[in-house]
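Written out below as structure tokens is the structure these notes cover.
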There are 2 protein chains.
Amino acid sequence: MRVVILGSGNVATVISSLIQKAGHEILQIASRNRDHAAILASKYNADAVSLIEPEFASADIYIVALHDASLDSLEKINGLKNKFVVHTAGSVSKDVLKNISSTYGILYPLQTLSKITEQIPEIPFLVEGNNKETLHQITEFARTLSNKVISVNETERLHYHIAAVFAGNFTNHMYAIAESFCEKENIDFKNLLPLVNEVTSKVNNNSPHDVQTGPAMREDIFTINRHLQALSSFPDIKYLYLKLSESILKFHEKH
Amino acid sequence: MRVVILGSGNVATVISSLIQKAGHEILQIASRNRDHAAILASKYNADAVSLIEPEFASADIYIVALHDASLDSLEKINGLKNKFVVHTAGSVSKDVLKNISSTYGILYPLQTLSKITEQIPEIPFLVEGNNKETLHQITEFARTLSNKVISVNETERLHYHIAAVFAGNFTNHMYAIAESFCEKENIDFKNLLPLVNEVTSKVNNNSPHDVQTGPAMREDIFTINRHLQALSSFPDIKYLYLKLSESILKFHEKH
């Protein structure tokens with residue numbers, strides 16, 4: 001397929017790489033900032049285009065990987081009219097595309113993507129189409145990018161996105177807090193990696209509910225208090241420690 | 001070494017297995033509940049002992065893997081007097097052992113341990129001793145159980161324990177919330193595992209601070225609001241979503 005990509009951020013960067021690997025041709029990369037587009041476009045021998053009054057090439061699919069807030073103003077972008085258009089957002093309705101084209105849908109990567117990824121991870125794609133035929137086309141295209149393509153509806157996609165915020169973004173934030181605390185206390189965060197890897201290994205084979213450990217799970221008020229005391233000069237971390245311990249107690253109906 | 005283990009919970013179970021693999025001899029397993037001790041002891045041809053008026057065998061080391069709250073009353077247990085005693089808790093001073101013996105210290109596994117572990121993970125042991133000679137003995141013993149033995153002081157051990165609560169217990173709780181939400185909304189938590197594994201893979205090679213993604217990191221108030229709205233019938237999950245998003249905003253100084 002001949003592809004035009006709108007966006008030059010994390011998602012656009014990773015998807016471009018997958019698209020080339022699958023043997024498709026990237027004709028253009030479009031971005032608000034033409035220089036950003038140019039960096040990405042140069043990798044694929046594609047043209048860089050500005051999103052302000054763009055002149056799009058004639059492509060088989062137009063993939064919109066822009067910030068969610070920009071999706072509402074897509075209609076203002078000329079040149080997408082009646083093209084085959086998909087967007088990649090987790091929580092924006094495909095209906096933002098309905099006044100643009102009669103062939104539109106969703107290609108949402110259920111994965112944390114960043115430009116600095118050395119190796120592209122397994123990416124489940126959640127797909128939707130405005131009708132059966134479009135869904136079929138998007139599914140076929142997604143299958144060239146990933147072995148895991150899941151047809152969903154709008155509500156399911158939103159729910160997957162919410163679950164992903166907990167399972168991905170918030171867990172990473174827990175790591176970031178631990179790392180920051182280790183740095184401030186002059187201990188080595190790397191010594192926690194066997195623990196981090198074991199927790200993740202367990203969730204691949206068990207219900208996380210069943211393998212919860214720690215002071216809150218043991219109702220070990222003694223240790224919780226000792227930790228809160230030790231965190232007295234870290235009020236933000238202390239607050240989260242308290243809230244998350246309460247949440248574990250409540251989740252496991254120990255309150 | 002000939003070993004007596006006090007406790008029959010998660011830590012005692014895993015440490016017993018390591019001890020046998022290292023070629024040591026487990027003489028006795030002691031537990032408040034003698035039946036619990038008997039289950040574990042039978043695996044190692046050891047004797048089961050009750051912690052109420054126990055008669056301990058003469059061993060080279062006594063490993064106390066009891067609930068933190070029980071450690072304060074260790075003095076009341078006869079038979080430990082002047083033995084080589086270590087405890088395995090993350091946040092309890094080794095001084096709880098000082099009236100019992102003149103050879104005592106800490107053997108703290110910095111890992112999430114549970115009885116149902118199929119394969120024992122890499123376990124960094126944090127060690128302390130009441131003097132240089134004891135520390136040396138504990139270190140040597142710990143090295144028979146693990147390649148990663150780290151000499152710490154009491155404050156460092158406490159700080160590692162706190163960091164472990166964030167990096168291990170709280171992350172697992174995030175997974176548990178995501179799983180519970182998926183079950184209630186009839187979507188498949190397993191589709192999130194590639195994301196979970198990628199976040200963990202990244203933390204092994206990057207600072208988690210640098211690879212944070214998600215709506216809060218992007219200051220994507222639009223998506224955050226949509227998620228909070230969708231969580232209106234899950235007040236506990238909604239509350240955590242809000243608190244953790246605020247925490248990410250603040251941590252990355254975006255407020």
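By order in the structure tokens, chains are A, B, ...; within a chain, residues start at 1; ligands start at 1, following the order shown.
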
Within 8 Å of region 170-176 of chain A, counting only C-alpha atoms, which residues qualify if same-chain residues fewer than 6 places away don't, as a ChimeraX atom specification?
/B:166-167,170-171,174,199-200,203,207-209,212,244,248

Residues at most 7 Å from Val152 (chain B), counting only C-alpha atoms, excluding those fewer than 5 positions away in the same chain, as a PyMOL selection string?
chain B and resi 126-128+157

Pull N, CA and C atoms from the residues just selected and write them as an mmCIF file, in the first residue's frame.
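This went into out-v9.cif:
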```
data_model
loop_
_atom_site.group_PDB
_atom_site.id
_atom_site.type_symbol
_atom_site.label_atom_id
_atom_site.label_comp_id
_atom_site.auth_asym_id
_atom_site.auth_seq_id
_atom_site.Cartn_x
_atom_site.Cartn_y
_atom_site.Cartn_z
ATOM 1 N N LEU B 126 19.937 -8.561 51.015
ATOM 2 C CA LEU B 126 20.557 -7.460 51.747
ATOM 3 C C LEU B 126 20.956 -8.002 53.111
ATOM 4 N N VAL B 127 22.224 -7.839 53.471
ATOM 5 C CA VAL B 127 22.720 -8.444 54.703
ATOM 6 C C VAL B 127 23.289 -7.401 55.667
ATOM 7 N N GLU B 128 23.135 -7.695 56.943
ATOM 8 C CA GLU B 128 23.747 -6.912 58.015
ATOM 9 C C GLU B 128 24.229 -7.887 59.090
ATOM 10 N N ARG B 157 18.477 -0.485 54.203
ATOM 11 C CA ARG B 157 17.533 -1.610 54.057
ATOM 12 C C ARG B 157 16.096 -1.108 54.097
#
```

Residue neighbourhood Thr103 (chain A), 10 Å, only C-alpha atoms, exclusion window fewer than 5 positions, as a PyMOL selection string:
chain A and resi 61+82-86+97-98+129-131+133-135+137-138

Nearest to chain A: which of B:Glu179, B:Glu154, B:Asp60, B:Asp95 is it, counting only C-alpha atoms?
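Closest to chain A, using only C-alpha atoms: B:Glu179.
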
Enumerate the residues of region 109-232 of chain B with a DSSP assignment of helix (DSSP H, G or I), computed from the backbone, and present them as a ChimeraX atom specification.
/B:132-145,154-184,189-203,208-211,221-230

Provide the CA of Glu156 (chain B) to CA of Val196 (chain A) distance in Å, to one decimal place.
18.7 Å

Please return as an MDAnalysis selection string: the residues of region 25-169 of chain B that backbone DSSP assigns to strand (DSSP E or B).
chainID B and resid 25:31 47:50 61:64 84:87 103:109 125:129 149:151
